[in-house]
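Structure file run_7.tsv; described as TSV, N, CA and C atoms.
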```tsv
chain	number	residue	atom	x	y	z
A	9	MET	N	145.78	-142.25	-189.03
A	9	MET	CA	145.13	-141.12	-189.65
A	9	MET	C	145.94	-139.87	-189.31
A	10	LEU	N	145.87	-138.91	-190.20
A	10	LEU	CA	146.58	-137.65	-190.04
A	10	LEU	C	145.55	-136.53	-189.91
A	11	ILE	N	145.74	-135.69	-188.90
A	11	ILE	CA	144.89	-134.52	-188.71
A	11	ILE	C	145.76	-133.29	-188.89
A	12	ILE	N	145.31	-132.37	-189.74
A	12	ILE	CA	146.05	-131.14	-190.00
A	12	ILE	C	145.21	-129.98	-189.48
A	13	GLN	N	145.82	-129.17	-188.62
A	13	GLN	CA	145.16	-127.97	-188.11
A	13	GLN	C	145.83	-126.76	-188.74
A	14	VAL	N	145.03	-125.90	-189.35
A	14	VAL	CA	145.55	-124.71	-190.01
A	14	VAL	C	145.10	-123.51	-189.19
A	15	VAL	N	146.05	-122.84	-188.55
A	15	VAL	CA	145.75	-121.72	-187.66
A	15	VAL	C	146.05	-120.42	-188.41
A	16	PRO	N	145.02	-119.60	-188.63
A	16	PRO	CA	145.24	-118.33	-189.33
A	16	PRO	C	145.62	-117.22	-188.35
A	17	HIS	N	146.04	-116.08	-188.90
A	17	HIS	CA	146.25	-114.89	-188.08
A	17	HIS	C	144.91	-114.42	-187.54
A	18	ALA	N	144.93	-113.58	-186.52
A	18	ALA	CA	143.70	-113.08	-185.89
A	18	ALA	C	142.81	-112.39	-186.92
A	19	GLY	N	141.52	-112.69	-186.85
A	19	GLY	CA	140.55	-112.06	-187.73
A	19	GLY	C	140.38	-112.73	-189.08
A	20	VAL	N	141.07	-113.83	-189.31
A	20	VAL	CA	140.99	-114.55	-190.59
A	20	VAL	C	140.33	-115.90	-190.34
A	21	ASP	N	139.45	-116.31	-191.22
A	21	ASP	CA	138.79	-117.61	-191.15
A	21	ASP	C	139.42	-118.52	-192.20
A	22	ALA	N	140.22	-119.48	-191.76
A	22	ALA	CA	140.96	-120.36	-192.67
A	22	ALA	C	140.02	-121.22	-193.50
A	23	TYR	N	138.91	-121.68	-192.92
A	23	TYR	CA	137.97	-122.51	-193.68
A	23	TYR	C	137.35	-121.71	-194.82
A	24	ARG	N	136.97	-120.47	-194.56
A	24	ARG	CA	136.37	-119.63	-195.60
A	24	ARG	C	137.38	-119.34	-196.71
A	25	LEU	N	138.64	-119.10	-196.36
A	25	LEU	CA	139.67	-118.88	-197.37
A	25	LEU	C	139.78	-120.10	-198.29
A	26	LEU	N	139.86	-121.28	-197.68
A	26	LEU	CA	139.99	-122.51	-198.46
A	26	LEU	C	138.75	-122.76	-199.30
A	27	SER	N	137.59	-122.59	-198.71
A	27	SER	CA	136.34	-122.84	-199.42
A	27	SER	C	136.21	-121.95	-200.66
A	28	ASP	N	136.50	-120.68	-200.50
A	28	ASP	CA	136.41	-119.76	-201.63
A	28	ASP	C	137.42	-120.09	-202.72
A	29	LYS	N	138.62	-120.44	-202.31
A	29	LYS	CA	139.68	-120.75	-203.28
A	29	LYS	C	139.35	-122.01	-204.07
A	30	VAL	N	138.92	-123.06	-203.39
A	30	VAL	CA	138.61	-124.32	-204.07
A	30	VAL	C	137.39	-124.15	-204.97
A	31	THR	N	136.40	-123.41	-204.52
A	31	THR	CA	135.18	-123.22	-205.29
A	31	THR	C	135.42	-122.41	-206.56
A	32	HIS	N	136.26	-121.39	-206.48
A	32	HIS	CA	136.37	-120.45	-207.59
A	32	HIS	C	137.65	-120.53	-208.42
A	33	GLU	N	138.76	-120.99	-207.84
A	33	GLU	CA	140.03	-120.87	-208.55
A	33	GLU	C	140.84	-122.16	-208.69
A	34	ALA	N	140.68	-123.10	-207.80
A	34	ALA	CA	141.55	-124.28	-207.78
A	34	ALA	C	141.41	-125.12	-209.05
A	35	LYS	N	142.53	-125.62	-209.53
A	35	LYS	CA	142.52	-126.45	-210.73
A	35	LYS	C	142.64	-127.94	-210.41
A	36	THR	N	143.34	-128.30	-209.36
A	36	THR	CA	143.54	-129.71	-209.04
A	36	THR	C	142.71	-130.19	-207.86
A	37	TRP	N	142.16	-129.29	-207.07
A	37	TRP	CA	141.32	-129.65	-205.93
A	37	TRP	C	139.87	-129.32	-206.26
A	38	SER	N	138.96	-130.16	-205.79
A	38	SER	CA	137.54	-129.91	-205.99
A	38	SER	C	136.77	-130.49	-204.81
A	39	TRP	N	135.51	-130.07	-204.68
A	39	TRP	CA	134.67	-130.59	-203.62
A	39	TRP	C	134.08	-131.93	-204.05
A	40	ALA	N	134.15	-132.92	-203.16
A	40	ALA	CA	133.65	-134.25	-203.47
A	40	ALA	C	132.21	-134.44	-203.01
A	41	ASN	N	131.66	-133.46	-202.29
A	41	ASN	CA	130.26	-133.54	-201.87
A	41	ASN	C	129.63	-132.15	-201.87
A	42	LYS	N	128.32	-132.11	-201.81
A	42	LYS	CA	127.61	-130.84	-201.88
A	42	LYS	C	127.79	-129.98	-200.63
A	43	GLY	N	128.07	-130.62	-199.52
A	43	GLY	CA	128.24	-129.89	-198.26
A	43	GLY	C	129.57	-129.17	-198.16
A	44	LYS	N	130.43	-129.33	-199.14
A	44	LYS	CA	131.77	-128.72	-199.16
A	44	LYS	C	132.56	-129.07	-197.90
A	45	THR	N	132.56	-130.36	-197.58
A	45	THR	CA	133.35	-130.82	-196.44
A	45	THR	C	134.38	-131.86	-196.85
A	46	ARG	N	134.35	-132.31	-198.11
A	46	ARG	CA	135.31	-133.31	-198.58
A	46	ARG	C	136.04	-132.78	-199.81
A	47	LEU	N	137.35	-132.70	-199.68
A	47	LEU	CA	138.19	-132.26	-200.78
A	47	LEU	C	138.76	-133.46	-201.51
A	48	ALA	N	138.70	-133.44	-202.82
A	48	ALA	CA	139.28	-134.50	-203.64
A	48	ALA	C	140.36	-133.90	-204.53
A	49	HIS	N	141.41	-134.65	-204.77
A	49	HIS	CA	142.50	-134.22	-205.65
A	49	HIS	C	142.39	-134.97	-206.96
A	50	LYS	N	142.57	-134.27	-208.06
A	50	LYS	CA	142.43	-134.90	-209.38
A	50	LYS	C	143.52	-135.93	-209.64
A	51	GLY	N	144.64	-135.85	-208.94
A	51	GLY	CA	145.73	-136.81	-209.14
A	51	GLY	C	145.49	-138.14	-208.46
A	52	ASN	N	144.58	-138.18	-207.49
A	52	ASN	CA	144.28	-139.41	-206.77
A	52	ASN	C	142.88	-139.29	-206.19
A	53	GLU	N	141.91	-139.82	-206.88
A	53	GLU	CA	140.52	-139.69	-206.45
A	53	GLU	C	140.06	-140.83	-205.55
A	54	ASP	N	140.99	-141.67	-205.09
A	54	ASP	CA	140.63	-142.79	-204.24
A	54	ASP	C	140.51	-142.42	-202.77
A	55	GLY	N	140.89	-141.21	-202.42
A	55	GLY	CA	140.78	-140.77	-201.04
A	55	GLY	C	140.28	-139.34	-201.03
A	56	TYR	N	140.21	-138.78	-199.83
A	56	TYR	CA	139.74	-137.40	-199.72
A	56	TYR	C	140.27	-136.80	-198.42
A	57	ILE	N	140.06	-135.50	-198.29
A	57	ILE	CA	140.38	-134.78	-197.06
A	57	ILE	C	139.09	-134.18	-196.54
A	58	GLU	N	138.74	-134.54	-195.34
A	58	GLU	CA	137.52	-134.04	-194.71
A	58	GLU	C	137.87	-132.76	-193.94
A	59	VAL	N	137.23	-131.65	-194.27
A	59	VAL	CA	137.56	-130.37	-193.66
A	59	VAL	C	136.39	-129.85	-192.84
A	60	ALA	N	136.73	-129.12	-191.78
A	60	ALA	CA	135.74	-128.49	-190.91
A	60	ALA	C	136.37	-127.25	-190.29
A	61	SER	N	135.54	-126.43	-189.68
A	61	SER	CA	136.02	-125.21	-189.06
A	61	SER	C	135.74	-125.26	-187.56
A	62	ALA	N	136.69	-124.77	-186.80
A	62	ALA	CA	136.52	-124.65	-185.35
A	62	ALA	C	137.02	-123.28	-184.94
A	63	GLU	N	136.10	-122.31	-184.87
A	63	GLU	CA	136.42	-120.93	-184.49
A	63	GLU	C	137.52	-120.33	-185.37
A	64	GLY	N	137.40	-120.49	-186.67
A	64	GLY	CA	138.35	-119.92	-187.61
A	64	GLY	C	139.51	-120.82	-187.95
A	65	VAL	N	139.74	-121.85	-187.14
A	65	VAL	CA	140.82	-122.80	-187.39
A	65	VAL	C	140.29	-123.90	-188.31
A	66	LEU	N	141.03	-124.19	-189.35
A	66	LEU	CA	140.66	-125.26	-190.28
A	66	LEU	C	141.18	-126.59	-189.74
A	67	VAL	N	140.30	-127.57	-189.62
A	67	VAL	CA	140.69	-128.90	-189.16
A	67	VAL	C	140.45	-129.85	-190.32
A	68	ALA	N	141.50	-130.54	-190.75
A	68	ALA	CA	141.41	-131.42	-191.91
A	68	ALA	C	141.85	-132.83	-191.53
A	69	HIS	N	140.99	-133.80	-191.81
A	69	HIS	CA	141.29	-135.22	-191.56
A	69	HIS	C	141.62	-135.84	-192.91
A	70	VAL	N	142.84	-136.31	-193.06
A	70	VAL	CA	143.27	-136.92	-194.30
A	70	VAL	C	142.82	-138.38	-194.29
A	71	ARG	N	142.04	-138.76	-195.30
A	71	ARG	CA	141.46	-140.10	-195.36
A	71	ARG	C	141.76	-140.75	-196.71
A	72	PRO	N	142.97	-141.30	-196.86
A	72	PRO	CA	143.28	-141.97	-198.12
A	72	PRO	C	142.65	-143.36	-198.16
A	73	ALA	N	142.28	-143.82	-199.35
A	73	ALA	CA	141.74	-145.18	-199.49
A	73	ALA	C	142.84	-146.20	-199.22
A	74	ASP	N	144.05	-145.89	-199.65
A	74	ASP	CA	145.21	-146.75	-199.44
A	74	ASP	C	146.12	-146.04	-198.44
A	75	PRO	N	146.50	-146.67	-197.33
A	75	PRO	CA	147.36	-146.01	-196.35
A	75	PRO	C	148.67	-145.47	-196.92
A	76	ASP	N	149.15	-146.04	-198.01
A	76	ASP	CA	150.38	-145.55	-198.62
A	76	ASP	C	150.19	-144.19	-199.29
A	77	ASP	N	148.96	-143.78	-199.52
A	77	ASP	CA	148.68	-142.48	-200.15
A	77	ASP	C	148.58	-141.34	-199.16
A	78	LEU	N	148.79	-141.61	-197.88
A	78	LEU	CA	148.74	-140.56	-196.87
A	78	LEU	C	149.73	-139.45	-197.20
A	79	TYR	N	150.93	-139.84	-197.61
A	79	TYR	CA	151.97	-138.87	-197.97
A	79	TYR	C	151.51	-137.99	-199.13
A	80	PHE	N	150.90	-138.58	-200.14
A	80	PHE	CA	150.45	-137.84	-201.32
A	80	PHE	C	149.48	-136.72	-200.93
A	81	PHE	N	148.44	-137.07	-200.18
A	81	PHE	CA	147.43	-136.08	-199.79
A	81	PHE	C	148.01	-135.01	-198.87
A	82	ALA	N	148.83	-135.41	-197.90
A	82	ALA	CA	149.42	-134.44	-196.98
A	82	ALA	C	150.33	-133.47	-197.72
A	83	GLU	N	151.17	-133.99	-198.59
A	83	GLU	CA	152.10	-133.16	-199.34
A	83	GLU	C	151.36	-132.16	-200.23
A	84	LYS	N	150.38	-132.62	-200.98
A	84	LYS	CA	149.65	-131.75	-201.89
A	84	LYS	C	148.84	-130.70	-201.13
A	85	PHE	N	148.19	-131.11	-200.05
A	85	PHE	CA	147.34	-130.20	-199.30
A	85	PHE	C	148.16	-129.11	-198.60
A	86	ILE	N	149.20	-129.50	-197.89
A	86	ILE	CA	150.02	-128.53	-197.18
A	86	ILE	C	150.74	-127.61	-198.17
A	87	GLY	N	151.20	-128.16	-199.26
A	87	GLY	CA	151.84	-127.34	-200.29
A	87	GLY	C	150.92	-126.27	-200.84
A	88	ARG	N	149.67	-126.64	-201.12
A	88	ARG	CA	148.69	-125.67	-201.64
A	88	ARG	C	148.37	-124.62	-200.59
A	89	LEU	N	148.22	-125.03	-199.33
A	89	LEU	CA	147.93	-124.06	-198.27
A	89	LEU	C	149.03	-123.01	-198.19
A	90	VAL	N	150.27	-123.44	-198.23
A	90	VAL	CA	151.39	-122.50	-198.16
A	90	VAL	C	151.42	-121.60	-199.39
A	91	ALA	N	151.22	-122.17	-200.56
A	91	ALA	CA	151.26	-121.38	-201.79
A	91	ALA	C	150.12	-120.36	-201.85
A	92	TRP	N	148.94	-120.75	-201.43
A	92	TRP	CA	147.78	-119.87	-201.52
A	92	TRP	C	147.69	-118.86	-200.38
A	93	PHE	N	148.00	-119.28	-199.17
A	93	PHE	CA	147.66	-118.46	-197.99
A	93	PHE	C	148.83	-118.15	-197.07
A	94	GLN	N	150.02	-118.10	-197.58
A	94	GLN	CA	151.21	-117.91	-196.75
A	94	GLN	C	151.10	-116.68	-195.85
A	95	ASP	N	150.59	-115.58	-196.35
A	95	ASP	CA	150.52	-114.35	-195.56
A	95	ASP	C	149.38	-114.35	-194.55
A	96	ASP	N	148.42	-115.27	-194.68
A	96	ASP	CA	147.26	-115.31	-193.79
A	96	ASP	C	147.39	-116.33	-192.67
A	97	LEU	N	148.39	-117.21	-192.74
A	97	LEU	CA	148.49	-118.31	-191.79
A	97	LEU	C	149.54	-118.06	-190.71
A	98	ALA	N	149.22	-118.49	-189.49
A	98	ALA	CA	150.15	-118.39	-188.37
A	98	ALA	C	150.86	-119.73	-188.14
A	99	ALA	N	150.15	-120.85	-188.36
A	99	ALA	CA	150.74	-122.17	-188.10
A	99	ALA	C	149.97	-123.26	-188.83
A	100	ILE	N	150.68	-124.34	-189.12
A	100	ILE	CA	150.07	-125.57	-189.62
A	100	ILE	C	150.57	-126.68	-188.71
A	101	ASN	N	149.65	-127.31	-187.99
A	101	ASN	CA	150.00	-128.36	-187.03
A	101	ASN	C	149.57	-129.72	-187.56
A	102	LEU	N	150.39	-130.73	-187.30
A	102	LEU	CA	150.08	-132.11	-187.70
A	102	LEU	C	149.92	-132.97	-186.46
A	103	GLN	N	148.91	-133.84	-186.51
A	103	GLN	CA	148.71	-134.82	-185.44
A	103	GLN	C	148.58	-136.19	-186.08
A	104	PHE	N	149.37	-137.11	-185.62
A	104	PHE	CA	149.29	-138.49	-186.11
A	104	PHE	C	148.48	-139.30	-185.11
A	105	MET	N	147.34	-139.81	-185.58
A	105	MET	CA	146.46	-140.57	-184.72
A	105	MET	C	146.55	-142.04	-185.11
A	106	ALA	N	146.56	-142.90	-184.11
A	106	ALA	CA	146.58	-144.34	-184.38
A	106	ALA	C	145.23	-144.76	-184.93
A	107	GLN	N	145.24	-145.62	-185.90
A	107	GLN	CA	143.99	-146.15	-186.46
A	107	GLN	C	143.39	-147.12	-185.47
A	108	ALA	N	142.14	-146.93	-185.17
A	108	ALA	CA	141.45	-147.86	-184.29
A	108	ALA	C	141.20	-149.15	-185.05
A	109	PRO	N	141.45	-150.28	-184.44
A	109	PRO	CA	141.20	-151.53	-185.15
A	109	PRO	C	139.71	-151.68	-185.44
A	110	SER	N	139.42	-152.18	-186.62
A	110	SER	CA	138.02	-152.34	-186.99
A	110	SER	C	137.42	-153.49	-186.18
A	111	LYS	N	136.21	-153.28	-185.70
A	111	LYS	CA	135.53	-154.29	-184.91
A	111	LYS	C	134.80	-155.25	-185.83
A	112	LYS	N	134.88	-156.52	-185.50
A	112	LYS	CA	134.13	-157.51	-186.26
A	112	LYS	C	132.68	-157.46	-185.81
A	113	PRO	N	131.77	-157.56	-186.73
A	113	PRO	CA	130.37	-157.55	-186.32
A	113	PRO	C	130.04	-158.75	-185.44
A	114	ARG	N	129.20	-158.52	-184.47
A	114	ARG	CA	128.80	-159.62	-183.57
A	114	ARG	C	127.81	-160.51	-184.27
A	115	ARG	N	127.98	-161.77	-184.07
A	115	ARG	CA	127.08	-162.74	-184.67
A	115	ARG	C	126.00	-163.11	-183.70
A	116	ARG	N	124.81	-163.18	-184.21
A	116	ARG	CA	123.70	-163.59	-183.37
A	116	ARG	C	123.63	-165.11	-183.31
A	117	LYS	N	123.24	-165.61	-182.17
A	117	LYS	CA	123.12	-167.05	-181.99
A	117	LYS	C	121.69	-167.48	-182.10
```
In structure tokens, how does this file's structure come out?
Amino acid sequence: MLIIQVVPHAGVDAYRLLSDKVTHEAKTWSWANKGKTRLAHKGNEDGYIEVASAEGVLVAHVRPADPDDLYFFAEKFIGRLVAWFQDDLAAINLQFMAQAPSKKPRRRK
């Protein structure tokens, strides 16, 4: 899994910037749920990006349905962030997390 942290300049809320832009202006990105926590891209609707805020920092978990689509979502998302908010951002950090192996359900005897 890929985690993207978007760090804005002081006094700027990166989550609010993204939320307003996707809600009102974005053409290829849209909200996949009513809570405005899942971003979907029109080019690949099989996955999503889960977004949250932590003290103004935007934290995004890229969750593609197919692991090969990780590149697609990361490229499109980071590209849009730079194009939309270049003057408001201080840093974009990436963290690569190992996927936890799925546990098999326990069988009752």
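For the pair atom C of Ala22 of chain A and atom CA of Lys50 of chain A, the interatomic distance is 21.1 Å.
Between atom N of Ile11 of chain A and atom C of Leu26 of chain A there is a distance of 18.0 Å.
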Exercise for the section: Using DSSP on the backbone, list every residue of chain A that comes out as strand (DSSP E), and give them as a count of residues only. Expected result: 40
Handout entry: Spatial neighbours of Asp28 of chain A, max dist 12 Å, only C-alpha atoms, sep filter under 3 positions, as a PyMOL selection string
Key = chain A and resi 21-25+31-34+37-39+44+92-93
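Between atom CA of Thr45 of chain A and atom N of Val70 of chain A the separation is 11.5 Å.
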Practice task
Show which residues sit within 7 Å of Ile100 of chain A, as an MDAnalysis selection string. Count all atoms listed in the file, and ignore same-chain residues fewer than 2 positions away.
Solution key: chainID A and resid 12:15 97:98 102
Problem - Long-range neighbours of segment 53-61 of chain A as a VMD selection string, 7 Å cut-off, all atoms listed in the file, 5 positions minimum in chain - result: chain A and resid 23 44 to 48 66 to 74
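Of the residues listed (A:His17, A:Leu10, A:Arg115, A:Glu63), A:His17 shows the shortest atom-to-atom separation from Asp95 of chain A; distances use only C-alpha atoms.
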Handout entry: For Ala62 of chain A, the nearest of the candidates A:Lys35, A:Ala40, A:Pro75, A:Pro16, counting only C-alpha atoms
Key = A:Pro16
Practice task
Check the smallest atom-to-atom distance from each of A:Phe81, A:Asn41, A:Gly64, A:Thr36 to Gly19 of chain A using all atoms listed in the file, then report the winner.
Solution key: A:Gly64
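Residue nearest Val20 of chain A within the list A:Asn52, A:Asp96, A:Pro113, A:Glu83: A:Asp96 [criterion: smallest interatomic distance, all atoms listed in the file].
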Practice task
Enumerate as a VMD selection string all residues of segment 25-77 of chain A assigned to helix (DSSP H, G or I) by DSSP on the backbone, naming them with the chain letters and numbers the document uses.
Solution key: chain A and resid 25 to 32 75 to 77
